[in-house]
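Data from coords23.txt: compact mmCIF, C-alpha atoms and all ligand atoms
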# COMPACT_ATOMS: atom_id res chain seq x y z
CA MET A 1 16.71 25.76 -8.47
CA ASN A 2 13.59 24.85 -6.55
CA THR A 3 11.62 27.27 -8.63
CA HIS A 4 8.25 25.49 -8.67
CA PRO A 5 6.55 23.91 -5.70
CA LEU A 6 6.28 20.14 -6.13
CA THR A 7 2.77 18.99 -6.97
CA MET A 8 1.01 15.79 -5.96
CA PRO A 9 0.36 13.06 -8.57
CA ILE A 10 -2.60 11.64 -6.58
CA PRO A 11 -5.42 13.79 -8.11
CA GLU A 12 -4.15 12.84 -11.59
CA TYR A 13 -4.33 9.16 -10.67
CA PHE A 14 -7.87 9.71 -9.36
CA GLU A 15 -8.90 11.40 -12.64
CA GLU A 16 -7.52 8.42 -14.53
CA ILE A 17 -9.64 6.06 -12.41
CA LEU A 18 -12.77 8.14 -12.97
CA ASP A 19 -12.13 8.17 -16.72
CA SER A 20 -11.86 4.39 -16.73
CA VAL A 21 -15.41 3.96 -15.31
CA ARG A 22 -17.12 7.08 -16.68
CA ASP A 23 -18.72 5.38 -19.69
CA ASP A 24 -20.31 2.59 -17.69
CA THR A 25 -23.99 3.57 -17.60
CA SER A 26 -25.29 0.22 -16.37
CA GLY A 27 -27.56 0.04 -13.35
CA GLU A 28 -30.46 2.25 -12.44
CA VAL A 29 -31.05 5.17 -10.09
CA ALA A 30 -33.25 4.30 -7.09
CA GLN A 31 -36.85 4.14 -8.28
CA TYR A 32 -38.81 4.07 -5.03
CA ILE A 33 -38.05 7.65 -3.90
CA SER A 34 -39.46 10.08 -6.47
CA GLN A 35 -36.79 12.74 -5.98
CA LEU A 36 -34.02 10.16 -6.45
CA LYS A 37 -35.77 8.68 -9.49
CA ASN A 38 -35.58 12.09 -11.19
CA ALA A 39 -32.00 12.78 -10.10
CA ASP A 40 -29.20 13.34 -12.62
CA PRO A 41 -27.50 9.91 -12.96
CA ASN A 42 -24.23 11.28 -14.34
CA PRO A 43 -22.19 12.91 -11.54
CA LEU A 44 -19.06 10.97 -10.68
CA ALA A 45 -16.73 11.72 -7.79
CA LEU A 46 -13.88 10.24 -5.81
CA ALA A 47 -12.35 11.67 -2.64
CA MET A 48 -9.90 10.52 -0.02
CA CYS A 49 -8.83 11.85 3.35
CA THR A 50 -5.84 10.48 5.26
CA VAL A 51 -5.75 10.24 9.05
CA ASP A 52 -3.35 13.21 8.89
CA GLY A 53 -6.09 15.28 7.24
CA HIS A 54 -4.71 15.41 3.69
CA ILE A 55 -7.68 15.53 1.31
CA TYR A 56 -7.55 14.52 -2.37
CA GLY A 57 -10.52 14.70 -4.70
CA ALA A 58 -11.48 14.35 -8.35
CA GLY A 59 -14.57 14.76 -10.51
CA ASP A 60 -17.76 16.09 -8.93
CA ASP A 61 -16.34 15.91 -5.43
CA GLU A 62 -18.19 19.09 -4.33
CA HIS A 63 -21.57 17.84 -5.58
CA GLU A 64 -24.06 17.45 -2.71
CA PHE A 65 -26.25 14.39 -2.29
CA THR A 66 -28.25 12.86 0.56
CA MET A 67 -26.45 10.38 2.78
CA GLN A 68 -29.25 7.78 2.84
CA SER A 69 -27.89 4.55 4.32
CA ILE A 70 -24.39 6.01 4.70
CA SER A 71 -25.88 7.81 7.70
CA LYS A 72 -26.37 4.45 9.45
CA PRO A 73 -22.81 3.85 10.73
CA PHE A 74 -22.57 7.42 12.05
CA ALA A 75 -25.98 7.27 13.76
CA TYR A 76 -24.86 3.95 15.27
CA ALA A 77 -21.69 5.65 16.55
CA LEU A 78 -23.75 8.41 18.16
CA ALA A 79 -26.13 5.90 19.80
CA LEU A 80 -23.13 3.99 21.19
CA GLN A 81 -21.62 7.24 22.49
CA GLU A 82 -24.89 8.25 24.15
CA HIS A 83 -25.99 4.93 25.65
CA GLY A 84 -22.95 2.63 25.78
CA PRO A 85 -22.62 -0.69 23.91
CA ASP A 86 -24.74 -2.88 26.22
CA ASN A 87 -27.84 -0.72 25.90
CA VAL A 88 -27.46 -0.50 22.14
CA PHE A 89 -26.87 -4.28 21.85
CA ALA A 90 -30.12 -4.80 23.77
CA ALA A 91 -31.96 -3.16 20.86
CA VAL A 92 -29.98 -4.26 17.78
CA GLY A 93 -27.78 -7.31 17.10
CA LEU A 94 -24.32 -7.70 15.55
CA GLU A 95 -24.91 -10.40 12.94
CA PRO A 96 -24.88 -9.91 9.19
CA SER A 97 -28.32 -10.72 7.79
CA GLY A 98 -27.25 -11.44 4.21
CA GLU A 99 -30.55 -9.87 3.24
CA ALA A 100 -31.63 -6.83 1.27
CA PHE A 101 -31.41 -3.49 3.09
CA ASN A 102 -35.18 -3.10 3.43
CA GLU A 103 -36.03 -6.66 4.47
CA LEU A 104 -38.75 -7.05 7.05
CA SER A 105 -36.66 -9.26 9.25
CA LEU A 106 -35.75 -9.84 12.89
CA ASP A 107 -33.44 -12.29 14.62
CA GLY A 108 -35.74 -15.29 15.27
CA ALA A 109 -34.35 -15.94 18.75
CA THR A 110 -34.35 -12.40 20.15
CA ASN A 111 -36.87 -10.52 18.01
CA ARG A 112 -34.33 -7.74 17.53
CA PRO A 113 -33.06 -6.46 14.18
CA MET A 114 -30.00 -8.44 13.05
CA ASN A 115 -27.64 -5.46 12.69
CA PRO A 116 -27.60 -1.64 12.52
CA MET A 117 -26.79 -1.47 8.77
CA ILE A 118 -30.15 -2.74 7.49
CA ASN A 119 -33.23 -0.52 7.73
CA ALA A 120 -34.82 -2.43 10.63
CA GLY A 121 -31.68 -1.96 12.73
CA ALA A 122 -31.17 1.63 11.62
CA ILE A 123 -34.74 2.66 12.52
CA ALA A 124 -34.23 1.12 15.98
CA VAL A 125 -30.87 2.90 16.40
CA ASN A 126 -32.36 6.22 15.31
CA GLN A 127 -34.96 5.88 18.10
CA LEU A 128 -32.23 5.69 20.74
CA ILE A 129 -30.73 9.06 19.81
CA ASN A 130 -31.50 11.79 22.36
CA GLY A 131 -33.52 9.29 24.42
CA VAL A 132 -36.89 7.65 23.72
CA GLU A 133 -38.79 10.74 24.91
CA SER A 134 -37.18 13.02 22.33
CA SER A 135 -39.22 14.88 19.73
CA VAL A 136 -38.47 14.07 16.09
CA GLU A 137 -36.95 17.53 15.50
CA ASP A 138 -34.64 17.43 18.55
CA ARG A 139 -33.45 13.95 17.64
CA VAL A 140 -32.81 14.89 14.03
CA GLU A 141 -30.97 18.05 15.09
CA LYS A 142 -28.72 15.96 17.34
CA LEU A 143 -27.86 13.76 14.36
CA ARG A 144 -27.38 16.65 11.95
CA SER A 145 -25.09 18.45 14.33
CA TYR A 146 -23.03 15.30 15.07
CA PHE A 147 -22.66 14.58 11.33
CA SER A 148 -21.57 18.21 10.87
CA GLN A 149 -18.84 17.84 13.49
CA LEU A 150 -17.67 14.69 11.74
CA ALA A 151 -17.57 16.50 8.38
CA GLY A 152 -16.00 19.66 9.80
CA ARG A 153 -18.70 21.93 8.35
CA GLU A 154 -22.42 22.66 8.91
CA LEU A 155 -24.48 20.14 6.96
CA THR A 156 -28.09 20.74 5.96
CA ILE A 157 -31.11 18.49 5.47
CA ASP A 158 -32.92 18.03 2.15
CA ARG A 159 -36.46 18.19 3.56
CA GLN A 160 -38.04 17.95 0.14
CA LEU A 161 -36.34 14.63 -0.40
CA SER A 162 -37.49 13.25 2.94
CA GLU A 163 -41.06 14.35 2.14
CA SER A 164 -40.89 12.58 -1.20
CA GLU A 165 -39.56 9.47 0.54
CA ILE A 166 -42.27 9.53 3.22
CA GLU A 167 -44.97 9.56 0.52
CA GLY A 168 -43.97 6.08 -0.58
CA ALA A 169 -42.54 4.73 2.67
CA ASP A 170 -44.90 1.76 3.09
CA ARG A 171 -42.01 -0.64 3.40
CA ASN A 172 -40.21 1.32 6.13
CA LEU A 173 -43.56 1.92 7.88
CA SER A 174 -44.13 -1.84 7.90
CA ILE A 175 -40.70 -2.30 9.45
CA ALA A 176 -41.52 0.31 12.12
CA HIS A 177 -44.83 -1.41 12.93
CA MET A 178 -42.99 -4.71 13.21
CA LEU A 179 -40.46 -3.11 15.59
CA ARG A 180 -43.26 -1.65 17.71
CA ASN A 181 -45.01 -5.00 17.83
CA TYR A 182 -41.90 -6.56 19.39
CA ASP A 183 -41.28 -3.60 21.73
CA VAL A 184 -37.98 -2.71 20.05
CA ILE A 185 -39.26 0.87 19.59
CA GLU A 186 -41.94 2.80 21.46
CA ASP A 187 -42.58 5.74 19.17
CA ASP A 188 -45.44 6.04 16.73
CA ALA A 189 -44.45 4.25 13.48
CA HIS A 190 -44.89 7.35 11.33
CA ASP A 191 -42.68 9.48 13.61
CA ALA A 192 -40.04 6.76 13.76
CA VAL A 193 -39.86 6.58 9.96
CA LEU A 194 -39.94 10.37 9.62
CA SER A 195 -37.05 10.72 12.03
CA TYR A 196 -35.02 8.01 10.26
CA THR A 197 -35.84 9.48 6.84
CA LEU A 198 -34.67 12.94 7.89
CA GLN A 199 -31.44 11.33 9.14
CA CYS A 200 -31.03 9.81 5.65
CA SER A 201 -31.62 13.22 4.05
CA VAL A 202 -28.58 15.02 5.46
CA LYS A 203 -26.63 16.35 2.48
CA VAL A 204 -22.91 15.71 2.01
CA THR A 205 -20.28 15.82 -0.73
CA ALA A 206 -17.78 13.05 -1.48
CA ARG A 207 -15.15 15.21 0.23
CA ASP A 208 -17.30 15.45 3.38
CA LEU A 209 -17.77 11.70 3.41
CA ALA A 210 -14.04 11.11 3.00
CA VAL A 211 -13.40 13.26 6.08
CA MET A 212 -16.20 11.63 8.08
CA THR A 213 -14.96 8.17 7.29
CA ALA A 214 -11.33 9.17 7.93
CA THR A 215 -12.50 10.05 11.46
CA LEU A 216 -13.45 6.41 11.91
CA ALA A 217 -10.11 5.39 10.36
CA ALA A 218 -8.32 7.59 12.90
CA GLY A 219 -9.98 5.89 15.88
CA GLY A 220 -12.46 8.74 16.29
CA ILE A 221 -10.25 11.81 15.97
CA GLN A 222 -11.54 14.20 13.31
CA PRO A 223 -8.47 14.68 11.08
CA LEU A 224 -9.09 18.36 10.27
CA THR A 225 -10.21 19.74 13.64
CA GLY A 226 -8.41 17.25 15.89
CA GLU A 227 -11.63 16.82 17.92
CA LYS A 228 -12.20 13.44 19.56
CA LEU A 229 -15.69 12.60 18.28
CA VAL A 230 -15.86 8.83 18.64
CA ASP A 231 -14.31 6.58 21.29
CA ALA A 232 -11.69 4.29 19.74
CA ARG A 233 -13.70 1.21 20.80
CA VAL A 234 -16.87 2.62 19.29
CA ALA A 235 -15.05 3.39 16.02
CA ARG A 236 -13.79 -0.20 15.96
CA LEU A 237 -17.27 -1.55 16.52
CA VAL A 238 -18.76 0.63 13.78
CA LEU A 239 -16.07 -0.49 11.32
CA SER A 240 -16.70 -4.13 12.23
CA MET A 241 -20.39 -3.71 11.41
CA MET A 242 -19.54 -2.03 8.12
CA ALA A 243 -17.19 -4.91 7.25
CA SER A 244 -19.75 -7.64 7.93
CA ALA A 245 -23.00 -5.95 6.88
CA GLY A 246 -22.31 -2.60 5.19
CA MET A 247 -22.92 -3.88 1.67
CA TYR A 248 -26.09 -5.85 2.53
CA ASP A 249 -26.46 -9.06 0.51
CA GLU A 250 -23.21 -8.26 -1.33
CA ALA A 251 -21.23 -7.97 1.94
CA GLY A 252 -19.42 -11.32 1.80
CA GLN A 253 -18.32 -10.95 -1.79
CA TRP A 254 -17.28 -7.36 -1.12
CA LEU A 255 -15.11 -8.28 1.86
CA ALA A 256 -13.45 -11.06 -0.13
CA THR A 257 -12.74 -9.03 -3.27
CA VAL A 258 -12.36 -5.41 -2.13
CA GLY A 259 -11.55 -6.05 1.53
CA ILE A 260 -12.46 -2.58 2.81
CA PRO A 261 -15.18 -1.97 5.44
CA ALA A 262 -17.72 0.06 3.50
CA LYS A 263 -21.22 1.51 3.43
CA SER A 264 -23.38 2.42 0.46
CA GLY A 265 -26.50 4.55 0.11
CA VAL A 266 -29.33 4.52 -2.45
CA SER A 267 -28.60 8.06 -3.64
CA GLY A 268 -25.25 6.79 -4.99
CA GLY A 269 -22.72 7.42 -2.24
CA LEU A 270 -20.22 4.80 -1.14
CA MET A 271 -17.61 5.16 1.56
CA GLY A 272 -14.84 2.87 2.73
CA VAL A 273 -12.37 2.90 5.60
CA LEU A 274 -8.82 1.69 5.89
CA PRO A 275 -8.37 1.57 9.67
CA GLY A 276 -5.36 3.60 10.78
CA GLN A 277 -4.80 4.93 7.27
CA LEU A 278 -7.55 6.70 5.35
CA GLY A 279 -11.16 7.21 4.39
CA LEU A 280 -12.47 6.97 0.82
CA ALA A 281 -15.71 8.08 -0.76
CA THR A 282 -17.29 7.88 -4.21
CA PHE A 283 -20.48 9.22 -5.69
CA SER A 284 -22.32 7.78 -8.71
CA PRO A 285 -26.12 7.38 -8.65
CA ARG A 286 -26.81 4.28 -10.77
CA LEU A 287 -27.20 1.17 -8.60
CA ASN A 288 -26.79 -2.56 -9.08
CA LYS A 289 -29.39 -5.13 -8.00
CA GLN A 290 -28.19 -5.07 -4.41
CA GLY A 291 -28.64 -1.29 -4.27
CA ASN A 292 -24.90 -0.53 -4.39
CA PRO A 293 -23.53 2.08 -6.88
CA VAL A 294 -22.18 0.35 -10.01
CA ARG A 295 -19.30 2.73 -10.81
CA GLY A 296 -18.50 3.22 -7.11
CA VAL A 297 -18.05 -0.52 -6.69
CA GLU A 298 -15.79 -0.56 -9.78
CA ILE A 299 -13.68 2.31 -8.43
CA PHE A 300 -13.25 0.60 -5.08
CA LYS A 301 -12.21 -2.66 -6.76
CA ARG A 302 -9.59 -0.84 -8.74
CA LEU A 303 -8.30 1.22 -5.80
CA SER A 304 -8.07 -1.86 -3.63
CA GLU A 305 -6.09 -3.69 -6.29
CA ASP A 306 -3.79 -0.82 -7.31
CA MET A 307 -3.14 0.54 -3.87
CA GLY A 308 -2.96 -2.75 -1.97
CA LEU A 309 -5.80 -1.77 0.34
CA HIS A 310 -7.31 -5.19 1.07
CA LEU A 311 -7.58 -5.34 4.82
CA MET A 312 -6.71 -9.01 4.99
CA SER A 313 -3.44 -8.71 3.07
CA ALA A 314 -0.84 -8.81 5.79
CA GLU A 315 1.46 -5.91 5.01
CA LEU A 316 4.06 -4.36 7.19
CA LEU A 317 2.70 -0.93 7.79
CA THR A 318 4.76 2.02 8.78
CA GLN A 319 3.54 5.31 10.13
CA HIS A 320 6.48 7.30 8.82
CA ALA A 321 7.65 6.12 5.44
CA VAL A 322 10.24 8.91 5.32
CA ARG A 323 12.86 7.97 7.92
CA SER A 324 15.03 11.01 7.33
CA ILE A 325 15.92 13.79 4.89
CA GLU A 326 19.57 14.77 5.38
CA LYS A 327 21.80 17.13 3.47
CA LYS A 328 25.54 16.53 3.14
CA GLY A 329 27.27 19.17 1.04
CA GLN A 330 25.40 19.46 -2.23
CA THR A 331 23.58 16.13 -1.78
CA THR A 332 20.27 15.51 -0.03
CA VAL A 333 19.52 11.90 0.92
CA ILE A 334 15.90 10.90 1.53
CA GLN A 335 15.73 7.60 3.37
CA LEU A 336 12.54 5.54 3.19
CA GLN A 337 11.50 2.69 5.48
CA GLY A 338 8.83 -0.03 5.57
CA ALA A 339 6.55 -1.44 2.90
CA MET A 340 5.71 1.08 0.18
CA ASN A 341 1.97 0.84 -0.16
CA PHE A 342 -0.28 3.76 -0.98
CA SER A 343 -0.22 5.33 2.49
CA ALA A 344 3.57 5.13 2.66
CA ALA A 345 3.94 6.71 -0.77
CA GLU A 346 1.49 9.45 0.19
CA ASN A 347 3.62 10.15 3.26
CA PHE A 348 6.70 10.41 1.01
CA LEU A 349 4.98 12.74 -1.46
CA PHE A 350 3.66 14.93 1.31
CA SER A 351 7.10 15.13 2.94
CA ILE A 352 8.79 16.18 -0.28
CA THR A 353 6.21 18.84 -1.08
CA GLU A 354 6.82 20.30 2.40
CA HIS A 355 10.63 20.11 2.21
CA GLU A 356 12.73 22.94 0.80
CA PHE A 357 15.31 21.26 -1.35
CA SER A 358 18.62 22.98 -2.12
CA GLY A 359 21.99 21.87 -3.49
CA GLU A 360 22.44 19.84 -6.65
CA THR A 361 21.63 16.21 -6.04
CA VAL A 362 18.82 14.27 -4.40
CA ILE A 363 19.28 10.57 -3.64
CA LEU A 364 16.41 8.33 -2.62
CA ASP A 365 17.70 5.62 -0.30
CA ILE A 366 15.42 2.56 -0.38
CA SER A 367 17.80 0.16 1.39
CA ARG A 368 15.32 -0.15 4.29
CA VAL A 369 12.30 -0.85 2.11
CA PRO A 370 11.21 -4.54 2.05
CA MET A 371 8.62 -4.30 -0.73
CA PHE A 372 6.84 -2.00 -3.17
CA ARG A 373 3.17 -2.19 -4.09
CA PRO A 374 2.67 -1.22 -7.77
CA MET A 375 0.89 1.98 -6.72
CA GLY A 376 3.59 2.82 -4.17
CA ARG A 377 6.27 2.33 -6.82
CA ARG A 378 4.47 4.49 -9.33
CA MET A 379 3.87 7.35 -6.91
CA ILE A 380 7.38 7.34 -5.51
CA LYS A 381 8.97 7.39 -8.95
CA GLU A 382 6.61 10.18 -9.92
CA GLY A 383 7.65 12.20 -6.87
CA LEU A 384 11.31 11.70 -7.71
CA ARG A 385 10.71 12.74 -11.30
CA ARG A 386 9.13 15.95 -10.08
CA ILE A 387 12.16 16.69 -7.91
CA ARG A 388 14.28 16.21 -11.03
CA ASP A 389 12.01 18.46 -13.06
CA ASN A 390 12.58 21.13 -10.44
CA GLY A 391 16.25 21.19 -11.42
CA PHE A 392 17.98 18.51 -9.33
CA ARG A 393 20.00 15.49 -10.37
CA VAL A 394 18.32 12.46 -8.86
CA ALA A 395 19.28 8.86 -8.20
CA ILE A 396 17.94 5.87 -6.32
CA PHE A 397 20.12 3.93 -3.89
CA ASP A 398 18.76 0.42 -4.38
CA PRO A 399 21.34 -2.07 -3.05
CA ASP A 400 18.92 -5.05 -3.15
CA GLU A 401 17.72 -4.16 -6.63
CA LEU A 402 14.13 -4.02 -5.49
CA LEU A 403 12.92 -1.87 -8.35
CA PRO A 404 12.77 -3.82 -11.60
CA ASP A 405 12.71 -0.79 -13.83
CA LEU A 406 13.69 2.78 -13.25
CA GLU A 407 11.84 4.38 -16.09
CA PHE A 408 9.91 7.52 -15.27
CA SER A 409 6.43 8.24 -16.66
CA ASP A 410 7.94 10.52 -19.32
CA GLY A 411 10.13 7.69 -20.65
CA THR A 412 13.41 8.93 -19.18
CA GLU A 413 15.46 6.73 -16.87
CA CYS A 414 16.39 7.36 -13.26
CA ARG A 415 19.95 6.70 -12.31
CA GLN A 416 20.58 3.86 -9.89
CA ILE A 417 23.47 3.49 -7.44
CA THR A 418 24.14 0.23 -5.70
CA SER A 419 27.01 0.88 -3.29
CA PRO A 420 27.03 3.23 -0.31
CA GLU A 421 30.30 4.86 -1.45
CA GLN A 422 28.47 6.27 -4.41
CA MET A 423 26.21 8.11 -2.00
CA GLY A 424 28.93 10.61 -1.04
CA ASP A 425 29.04 14.20 -2.12
CA GLN A 426 31.83 13.45 -4.59
CA VAL A 427 29.70 11.26 -6.79
CA ALA A 428 29.14 12.85 -10.14
CA LEU A 429 25.71 11.90 -11.34
CA THR A 430 24.77 12.44 -14.90
N1 LIG A 501 -33.71 6.13 3.08
C1 LIG A 501 -33.47 4.91 2.40
C2 LIG A 501 -34.45 3.83 2.81
O1 LIG A 501 -34.71 3.68 3.95
C3 LIG A 501 -32.07 4.45 2.64
C4 LIG A 501 -31.77 3.08 2.04
C5 LIG A 501 -30.38 2.96 1.47
O2 LIG A 501 -29.66 3.94 1.26
N2 LIG A 501 -30.00 1.75 1.14
O3 LIG A 501 -34.99 3.11 2.02
In structure tokens, how does this file's structure come out?
Amino acid sequence: MNTHPLTMPIPEYFEEILDSVRDDTSGEVAQYISQLKNADPNPLALAMCTVDGHIYGAGDDEHEFTMQSISKPFAYALALQEHGPDNVFAAVGLEPSGEAFNELSLDGATNRPMNPMINAGAIAVNQLINGVESSVEDRVEKLRSYFSQLAGRELTIDRQLSESEIEGADRNLSIAHMLRNYDVIEDDAHDAVLSYTLQCSVKVTARDLAVMTATLAAGGIQPLTGEKLVDARVARLVLSMMASAGMYDEAGQWLATVGIPAKSGVSGGLMGVLPGQLGLATFSPRLNKQGNPVRGVEIFKRLSEDMGLHLMSAELLTQHAVRSIEKKGQTTVIQLQGAMNFSAAENFLFSITEHEFSGETVILDISRVPMFRPMGRRMIKEGLRRIRDNGFRVAIFDPDELLPDLEFSDGTECRQITSPEQMGDQVALT
């Protein structure tokens, strides 16, 4: 018994999602940066990191790409850490603009950029890093090293890409001149755009982004290193900005349909945060009209639906889905508690892969579970099937008959018991 370690079904589910969007070649890679225009449009990746630091990835999740606008929330976090909210609010507002990312726009009443997620706001935020007197290189190094701490590895800058962006940066230069005109920034417009462009050119993988965004999900604690990198209040503020403005002129529709604070970048990255639960990242270079990655948006829609991730759906969340694992004689009883959404099911799967099962029978007690999300149901049944495939007899104690069908993915049926007496060691399960 217990001959093979239990494996996780999550990467398989991720592969299935990638397969479902792989053939969609609609959209176009960003045209206005020559290096991005010539980039391979095909890579496709999905990665997730939980606040406990469990990472799952599929597809080209080790493929490096430049962060572009995905750098904006993290630069905003660093500016808030360095200067405090009031000083940052004096430079950049908190209102969604509903405009394109590169709009030459300011708040009419204050002459400040509307928010830190559009270019005008991000250029102003970049100028705050390391103080107004900082050289471009020192400022950029501050950002690169902070992003590296967030990712848990040393990140590098694609200087060729930033050079190719600077060559055609008339739009961002106009924004910088506008900011200078209204005394939002002091630096020379070219240096301001160079510094911001280098910030955008830090290279990450989808796995890195999942970890970085999971740090925001965890209230600022980096899930792999345990380092406190962002104050909880700052993390909350950054997530709020992502929710209202992270997807530019698609932000309202995104919040209503996907319901996950998110940020996209023109090189094809997209990251999303489930506060208190997990960080998600996708990579796919072709963009829609709003500059958001077509297949990334599709993947997020599907994940949100399948996994019940919409932030506004009021679900009872539980930190520890596995209440106990107890062995009586030859029977091990795993008791679950709380709503079984994706995070809860992940907690269950992780607990069973860590547990050394022995004896003959494993019973899953779901008497304290009020509801199952479809994805939670699928993953939990899959975990139980894998316990069975490792040589145990398995059954589900489901007194309220919460599970409509007990068929496993291989077509076999799981046994159900409905009275507590059947839970004893004497019960002979077939
Ligand atoms: N560097 C890019 C720019 O400023 C970033 C834009 C984006 O990713 N949406 O145009």
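Candidate residues A:Phe350, A:Ser304, A:Val202, A:Glu227 were compared for distance to Ala256 in chain A, and the nearest is A:Ser304, using all atoms listed in the file.
Taking all atoms listed in the file into account, Val204 in chain A lies nearest to A:Phe65 out of the set A:Phe283, A:Phe392, A:Phe65, A:Phe74.
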>> Counting all atoms listed in the file, which residue out of A:Gly338, A:Pro399, A:Gly53, A:Gly121 sits closest to ligand LIG 501 (chain A)?
In response: A:Gly121
Let me know the centre plus edge lengths, in Å and rounded to one decimal, of a box with edges along x, y and z that contains all listed atoms of ligand LIG 501 (chain A) and is padded by 3 Å on every side, as lines of an AutoDock Vina configuration file.
center_x = -32.3
center_y = 3.9
center_z = 2.5
size_x = 11.3
size_y = 10.4
size_z = 8.8
Residues of range 237-320 of chain A that have any atom at most 12 Å from an atom of range 102-106 of chain A: could you tabulate them with the shortest-distance atom pair and the distance in Å to one decimal, using all atoms listed in the file, ordered by chain and increasing number, as a tab-separated table?
residue	atom	partner	partner_atom	distance
A:Tyr248	CA	A:Asn102	CA	9.5
A:Asp249	CA	A:Glu103	CA	10.6
A:Val266	CA	A:Asn102	CA	11.3
A:Gln290	CA	A:Asn102	CA	10.7
A:Gly291	CA	A:Asn102	CA	10.3
Let me see the file: selected residues, C-alpha atoms, as a PDB file, in the frame of the given file.
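The resulting file, part_27.pdb, is shown below:
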ATOM      1  CA  TYR A 248     -26.090  -5.850   2.530  1.00  0.00           C
ATOM      2  CA  ASP A 249     -26.460  -9.060   0.510  1.00  0.00           C
ATOM      3  CA  VAL A 266     -29.330   4.520  -2.450  1.00  0.00           C
ATOM      4  CA  GLN A 290     -28.190  -5.070  -4.410  1.00  0.00           C
ATOM      5  CA  GLY A 291     -28.640  -1.290  -4.270  1.00  0.00           C
TER       6      GLY A 291
END
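Closest to Thr66 in chain A among A:Ile221, A:Val230, A:Leu270, A:Ala90 is A:Leu270, based on only C-alpha atoms.
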> Counting only C-alpha atoms and all ligand atoms, which protein, DNA or RNA residues come within 6 Å of ligand LIG 501 (chain A), given as a ChimeraX atom specification?
Replying inline: /A:68-69,101,119,197,200,265-266
> What is the distance between CA of Gly131 in chain A and CA of Gly84 in chain A, in Å to one decimal?
Replying inline: 12.6 Å
Counting only C-alpha atoms, what is within 10 Å of Leu364 in chain A, bar same-chain residues fewer than 6 positions away, as a short mmCIF file (atom, residue, chain, number, x, y, z; two decimals) with C-alpha atoms, in the frame of the given file?
data_model
loop_
_atom_site.label_atom_id
_atom_site.label_comp_id
_atom_site.auth_asym_id
_atom_site.auth_seq_id
_atom_site.Cartn_x
_atom_site.Cartn_y
_atom_site.Cartn_z
CA ILE A 325 15.92 13.79 4.89
CA THR A 332 20.27 15.51 -0.03
CA VAL A 333 19.52 11.90 0.92
CA ILE A 334 15.90 10.90 1.53
CA GLN A 335 15.73 7.60 3.37
CA LEU A 336 12.54 5.54 3.19
CA ILE A 380 7.38 7.34 -5.51
CA LYS A 381 8.97 7.39 -8.95
CA LEU A 384 11.31 11.70 -7.71
CA VAL A 394 18.32 12.46 -8.86
CA ALA A 395 19.28 8.86 -8.20
CA ILE A 396 17.94 5.87 -6.32
CA PHE A 397 20.12 3.93 -3.89
CA ASP A 398 18.76 0.42 -4.38
CA GLN A 416 20.58 3.86 -9.89
CA ILE A 417 23.47 3.49 -7.44
CA MET A 423 26.21 8.11 -2.00
#
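Distance-wise, CA of Arg302 in chain A and CA of His320 in chain A end up 25.2 Å apart.
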> If you count all atoms listed in the file, which residues fall within 9 Å of Leu309 in chain A, apart from same-chain ones fewer than 3 positions away, as a PyMOL selection string?
Replying inline: chain A and resi 258-260+274+303-306+312-313+341-342
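Counting all atoms listed in the file, the residue from A:Met379, A:Leu209, A:Leu198, A:Ile118 that sits nearest to Ser97 in chain A is A:Ile118.
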> From the set A:Asp400, A:Glu28, A:Glu186, A:Asp61, which residue has the shortest atom-to-atom contact distance to Leu280 in chain A, counting only C-alpha atoms?
Replying inline: A:Asp61
> Leaving out His177 in chain A and any residue of its chain fewer than 6 positions from it, which residues lie within 10 Å of it when counting only C-alpha atoms, given as a list in words?
Replying inline: Arg171, Asp183, Val184, Ile185, Glu186, Asp187, Asp188, Ala189, His190, Ala192 and Val193 of chain A
Only C-alpha atoms, please: the residues just picked out, written as a PDB file, in the coordinates of the input.
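The resulting selection_17.pdb:
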ATOM      1  CA  ARG A 171     -42.010  -0.640   3.400  1.00  0.00           C
ATOM      2  CA  ASP A 183     -41.280  -3.600  21.730  1.00  0.00           C
ATOM      3  CA  VAL A 184     -37.980  -2.710  20.050  1.00  0.00           C
ATOM      4  CA  ILE A 185     -39.260   0.870  19.590  1.00  0.00           C
ATOM      5  CA  GLU A 186     -41.940   2.800  21.460  1.00  0.00           C
ATOM      6  CA  ASP A 187     -42.580   5.740  19.170  1.00  0.00           C
ATOM      7  CA  ASP A 188     -45.440   6.040  16.730  1.00  0.00           C
ATOM      8  CA  ALA A 189     -44.450   4.250  13.480  1.00  0.00           C
ATOM      9  CA  HIS A 190     -44.890   7.350  11.330  1.00  0.00           C
ATOM     10  CA  ALA A 192     -40.040   6.760  13.760  1.00  0.00           C
ATOM     11  CA  VAL A 193     -39.860   6.580   9.960  1.00  0.00           C
TER      12      VAL A 193
END
> Do you know which residues are at most 10 Å from Gly27 in chain A counting only C-alpha atoms, after dropping those on the same chain fewer than 5 positions away, and could you put them as a VMD selection string?
Replying inline: chain A and resid 41 285 to 289 291 to 295
